[in-house]
Amino acid sequence: MVVSREQIMTAAIQHLNEHPTASMAQLAEAVGISRATLHRQFSSREELMTALGHRAHDRWHDLQVRADVPAAAASDDPGVLRRTLELLLEGWIEVADEYGFGLTDYAMAVHPELLRRAEELEEHEIALFAAAQRAGLLRADLPPRWISNTVYGLLVAVRESLRRGDVARRDVARLLRETFLAGAGAGGWS
C-alpha cells in the first residue's frame, strides 16, 4: 500500500495528540508503514514536526482570515470586535483539538521559521485584543500580550481536558469562553 506524505502527516497528528513524545518508530507503526518508508518522507522527527508545525500555522492563519482579524483590529465597533473574538474562541478550539500536541512541542518552539510565523500570527491577535480593550470589551488594565498568553494557556487546558476526557467536547466552547471572559472580559458580554 502506498501512503502519501499527507496521509502520513494526518496519521502522525492523530497519534501525537495521544502520545506527544512518540518516536519515529512508534509513529511509523501508528501510520501502518515501516520506519524506512517514514524516513523516505521525513528524514528525522524534527523534519516531521516542522512540517506539522507549518500545517498548524496554516490552520491558525486560515482561522484569522475567516474571522477577519486585521479588519476587526482596525475597527472600533464593539459588535465587530465581539463577533471576531467569538469566532476566534470557537476556531481556536478546533485548531487546539487538531494540533494540540504542537502547543507544547519543543521542536516547534525553537525552529526559527515556525517561531517567526507564530510571532507574526500572534501580533495580529494582540492588535485585536488591544482594539477590544479600547472598545471596552476586554480589561484595559491587562497588557494585550498577557491576554494572548492567557489564551495560549487556556488552549493547553482545552487540549489536556479533551485528551484526558475531563470535559465533554460539547462543553469546551462554553468553558473556554466563560473562563476567558471571566478573567480578561470587561463586561458587556451577555
# chains A, B, ... in the order shown; residues from 1 in each chain; ligands from 1

$ residues_around --residues "range 128-133 of chain A" --least-positions-apart "6" --cutoff "7 Å" --atoms "only C-alpha atoms" --output "ChimeraX atom specification"
/A:69,72-73,76,81,139-140,144

$ write_last_selection --atoms "N, CA, C and O atoms" --output "mmCIF file, in the first residue's frame"
data_model
loop_
_atom_site.group_PDB
_atom_site.id
_atom_site.type_symbol
_atom_site.label_atom_id
_atom_site.label_comp_id
_atom_site.auth_asym_id
_atom_site.auth_seq_id
_atom_site.Cartn_x
_atom_site.Cartn_y
_atom_site.Cartn_z
ATOM 1 N N VAL A 69 -9.521 39.027 11.234
ATOM 2 C CA VAL A 69 -8.838 39.644 12.362
ATOM 3 C C VAL A 69 -8.247 41.008 12.022
ATOM 4 O O VAL A 69 -8.446 41.963 12.784
ATOM 5 N N ALA A 72 -11.019 43.625 11.915
ATOM 6 C CA ALA A 72 -11.592 43.836 13.242
ATOM 7 C C ALA A 72 -10.628 44.626 14.126
ATOM 8 O O ALA A 72 -11.052 45.517 14.868
ATOM 9 N N ALA A 73 -9.337 44.313 14.037
ATOM 10 C CA ALA A 73 -8.338 45.019 14.847
ATOM 11 C C ALA A 73 -8.281 46.500 14.490
ATOM 12 O O ALA A 73 -7.953 47.330 15.339
ATOM 13 N N ASP A 76 -13.263 50.103 15.570
ATOM 14 C CA ASP A 76 -13.596 50.492 16.946
ATOM 15 C C ASP A 76 -15.036 50.117 17.273
ATOM 16 O O ASP A 76 -15.578 50.520 18.294
ATOM 17 N N LEU A 81 -15.833 43.658 16.851
ATOM 18 C CA LEU A 81 -14.788 43.069 17.688
ATOM 19 C C LEU A 81 -15.321 41.858 18.453
ATOM 20 O O LEU A 81 -14.650 40.833 18.544
ATOM 21 N N ARG A 139 -10.506 43.893 29.495
ATOM 22 C CA ARG A 139 -9.962 44.739 30.552
ATOM 23 C C ARG A 139 -8.768 45.543 30.046
ATOM 24 O O ARG A 139 -7.840 44.994 29.464
ATOM 25 N N ALA A 140 -8.813 46.843 30.307
ATOM 26 C CA ALA A 140 -7.749 47.742 29.863
ATOM 27 C C ALA A 140 -6.524 47.671 30.765
ATOM 28 O O ALA A 140 -5.444 48.136 30.376
ATOM 29 N N PRO A 144 -1.998 43.551 26.488
ATOM 30 C CA PRO A 144 -2.544 42.694 25.430
ATOM 31 C C PRO A 144 -1.764 41.390 25.242
ATOM 32 O O PRO A 144 -2.337 40.342 24.963
#

$ closest_atom_pairs --of "range 90-161 of chain A" --to "range 168-176 of chain A" --cutoff "7 Å" --atoms "only C-alpha atoms" --output "JSON lines"
{"residue": "A:Glu90", "atom": "CA", "partner": "A:Ala173", "partner_atom": "CA", "distance": 6.1}
{"residue": "A:Leu154", "atom": "CA", "partner": "A:Leu176", "partner_atom": "CA", "distance": 7.0}
{"residue": "A:Val158", "atom": "CA", "partner": "A:Val172", "partner_atom": "CA", "distance": 7.0}

$ select_by_dssp --residues "chain A" --states "alpha helix (DSSP H)" --output "JSON, numbers by chain"
{"A": [5, 6, 7, 8, 9, 10, 11, 12, 13, 14, 15, 16, 17, 18, 24, 25, 26, 27, 28, 29, 30, 31, 35, 36, 37, 38, 39, 40, 41, 45, 46, 47, 48, 49, 50, 51, 52, 53, 54, 55, 56, 57, 58, 59, 60, 61, 62, 63, 64, 65, 66, 67, 69, 70, 71, 72, 73, 78, 79, 80, 81, 82, 83, 84, 85, 86, 87, 88, 89, 90, 91, 92, 93, 94, 95, 96, 97, 98, 99, 106, 107, 108, 109, 110, 112, 113, 114, 115, 116, 117, 118, 119, 120, 121, 122, 123, 124, 125, 126, 127, 128, 129, 130, 131, 132, 133, 134, 144, 145, 146, 147, 148, 149, 150, 151, 152, 153, 154, 155, 156, 157, 158, 159, 160, 161, 162, 163, 164, 172, 173, 174, 175, 176, 177, 178, 179, 180, 181, 182, 183, 184]}

$ write_last_selection --atoms "C-alpha atoms" --output "CSV table (one decimal), in the first residue's frame"
chain,number,residue,atom,x,y,z
A,5,ARG,CA,3.1,12.4,2.7
A,6,GLU,CA,-0.3,14.0,3.6
A,7,GLN,CA,-1.7,10.7,4.8
A,8,ILE,CA,1.4,10.2,7.0
A,9,MET,CA,1.1,13.7,8.4
A,10,THR,CA,-2.6,13.2,9.2
A,11,ALA,CA,-2.0,9.9,10.9
A,12,ALA,CA,1.0,11.3,12.8
A,13,ILE,CA,-1.1,14.2,14.1
A,14,GLN,CA,-3.7,11.8,15.4
A,15,HIS,CA,-1.1,9.7,17.1
A,16,LEU,CA,0.9,12.7,18.5
A,17,ASN,CA,-2.2,14.1,20.1
A,18,GLU,CA,-2.5,10.9,22.2
A,24,MET,CA,9.7,7.8,14.6
A,25,ALA,CA,9.4,4.0,15.1
A,26,GLN,CA,6.1,4.5,17.0
A,27,LEU,CA,4.8,6.9,14.5
A,28,ALA,CA,5.6,4.6,11.6
A,29,GLU,CA,3.8,1.8,13.4
A,30,ALA,CA,0.8,4.0,14.1
A,31,VAL,CA,0.7,5.1,10.4
A,35,ARG,CA,10.4,3.2,9.6
A,36,ALA,CA,12.2,3.2,6.2
A,37,THR,CA,9.1,4.5,4.5
A,38,LEU,CA,8.6,7.2,7.1
A,39,HIS,CA,12.3,8.2,6.8
A,40,ARG,CA,11.9,8.5,3.0
A,41,GLN,CA,9.3,11.2,3.5
A,45,ARG,CA,11.4,13.6,13.7
A,46,GLU,CA,12.4,17.2,13.7
A,47,GLU,CA,11.7,17.5,10.0
A,48,LEU,CA,8.3,15.8,10.5
A,49,MET,CA,7.5,18.1,13.5
A,50,THR,CA,8.5,21.2,11.4
A,51,ALA,CA,6.2,20.1,8.6
A,52,LEU,CA,3.4,19.6,11.1
A,53,GLY,CA,4.1,23.0,12.6
A,54,HIS,CA,3.8,24.7,9.2
A,55,ARG,CA,0.5,22.9,8.7
A,56,ALA,CA,-0.8,24.0,12.1
A,57,HIS,CA,0.2,27.6,11.4
A,58,ASP,CA,-1.6,27.4,8.1
A,59,ARG,CA,-4.8,26.4,10.0
A,60,TRP,CA,-4.2,29.3,12.5
A,61,HIS,CA,-3.7,31.7,9.6
A,62,ASP,CA,-6.9,30.4,7.9
A,63,LEU,CA,-8.8,31.0,11.2
A,64,GLN,CA,-7.6,34.6,11.3
A,65,VAL,CA,-8.6,35.1,7.7
A,66,ARG,CA,-12.1,33.6,8.3
A,67,ALA,CA,-12.6,35.8,11.4
A,69,VAL,CA,-8.8,39.6,12.4
A,70,PRO,CA,-7.0,42.5,10.6
A,71,ALA,CA,-10.2,44.4,9.8
A,72,ALA,CA,-11.6,43.8,13.2
A,73,ALA,CA,-8.3,45.0,14.8
A,78,PRO,CA,-17.7,46.7,19.7
A,79,GLY,CA,-20.1,44.5,17.7
A,80,VAL,CA,-17.4,43.7,15.0
A,81,LEU,CA,-14.8,43.1,17.7
A,82,ARG,CA,-17.1,40.9,19.7
A,83,ARG,CA,-18.0,38.7,16.7
A,84,THR,CA,-14.4,38.3,15.7
A,85,LEU,CA,-13.4,37.3,19.3
A,86,GLU,CA,-16.2,34.8,19.4
A,87,LEU,CA,-15.2,33.3,16.1
A,88,LEU,CA,-11.6,33.1,17.3
A,89,LEU,CA,-12.6,31.4,20.5
A,90,GLU,CA,-14.5,28.8,18.7
A,91,GLY,CA,-11.9,28.4,16.0
A,92,TRP,CA,-9.0,28.1,18.5
A,93,ILE,CA,-10.7,25.1,20.0
A,94,GLU,CA,-10.7,23.3,16.6
A,95,VAL,CA,-7.0,24.1,16.0
A,96,ALA,CA,-6.0,23.1,19.5
A,97,ASP,CA,-8.0,19.9,19.2
A,98,GLU,CA,-6.4,19.0,15.9
A,99,TYR,CA,-2.9,20.2,16.6
A,106,TYR,CA,9.9,21.7,21.9
A,107,ALA,CA,10.8,21.4,18.2
A,108,MET,CA,8.0,23.9,17.3
A,109,ALA,CA,9.1,26.3,20.0
A,110,VAL,CA,12.7,26.6,18.7
A,112,PRO,CA,13.3,29.8,13.6
A,113,GLU,CA,10.8,29.8,10.7
A,114,LEU,CA,8.0,28.4,13.0
A,115,LEU,CA,8.9,31.0,15.7
A,116,ARG,CA,8.8,33.8,13.2
A,117,ARG,CA,5.4,32.8,11.8
A,118,ALA,CA,3.9,32.2,15.2
A,119,GLU,CA,5.0,35.6,16.4
A,120,GLU,CA,3.5,37.2,13.2
A,121,LEU,CA,0.2,35.4,13.7
A,122,GLU,CA,0.2,36.3,17.4
A,123,GLU,CA,0.8,40.0,16.7
A,124,HIS,CA,-2.4,40.1,14.7
A,125,GLU,CA,-4.3,38.8,17.7
A,126,ILE,CA,-2.5,41.1,20.1
A,127,ALA,CA,-3.7,44.0,17.9
A,128,LEU,CA,-7.2,42.6,18.1
A,129,PHE,CA,-7.0,42.4,21.9
A,130,ALA,CA,-5.8,46.0,22.1
A,131,ALA,CA,-8.7,47.1,19.9
A,132,ALA,CA,-11.1,45.1,22.1
A,133,GLN,CA,-9.6,46.8,25.2
A,134,ARG,CA,-10.1,50.3,23.6
A,144,PRO,CA,-2.5,42.7,25.4
A,145,ARG,CA,0.3,40.2,25.3
A,146,TRP,CA,-0.7,38.9,28.7
A,147,ILE,CA,-4.2,38.3,27.3
A,148,SER,CA,-2.6,36.4,24.3
A,149,ASN,CA,-0.6,34.3,26.7
A,150,THR,CA,-3.7,33.6,28.8
A,151,VAL,CA,-5.5,32.3,25.6
A,152,TYR,CA,-2.5,30.1,24.9
A,153,GLY,CA,-2.7,28.6,28.4
A,154,LEU,CA,-6.4,28.1,28.1
A,155,LEU,CA,-5.8,26.2,24.8
A,156,VAL,CA,-3.4,23.9,26.5
A,157,ALA,CA,-6.1,23.3,29.1
A,158,VAL,CA,-8.6,22.6,26.2
A,159,ARG,CA,-6.1,20.1,24.7
A,160,GLU,CA,-5.5,18.3,28.0
A,161,SER,CA,-9.1,18.3,29.0
A,162,LEU,CA,-10.2,16.8,25.7
A,163,ARG,CA,-7.3,14.3,25.6
A,164,ARG,CA,-7.9,13.0,29.1
A,172,VAL,CA,-15.5,23.1,25.7
A,173,ALA,CA,-16.6,26.2,23.8
A,174,ARG,CA,-18.7,27.4,26.7
A,175,LEU,CA,-15.9,26.6,29.2
A,176,LEU,CA,-13.3,28.4,27.2
A,177,ARG,CA,-15.5,31.4,26.5
A,178,GLU,CA,-16.6,31.8,30.2
A,179,THR,CA,-13.1,31.2,31.6
A,180,PHE,CA,-11.6,33.7,29.1
A,181,LEU,CA,-14.2,36.4,29.7
A,182,ALA,CA,-14.2,35.9,33.5
A,183,GLY,CA,-10.5,36.7,33.5
A,184,ALA,CA,-10.0,39.2,30.7

$ atom_distance --atom1 "CA of Ala22 in chain A" --atom2 "CA of Ser44 in chain A"
12.6 Å

$ closest_residue --among "A:Thr21, A:Thr104, A:Ser75, A:Ser4" --to "Phe42 in chain A" --atoms "only C-alpha atoms"
A:Ser4
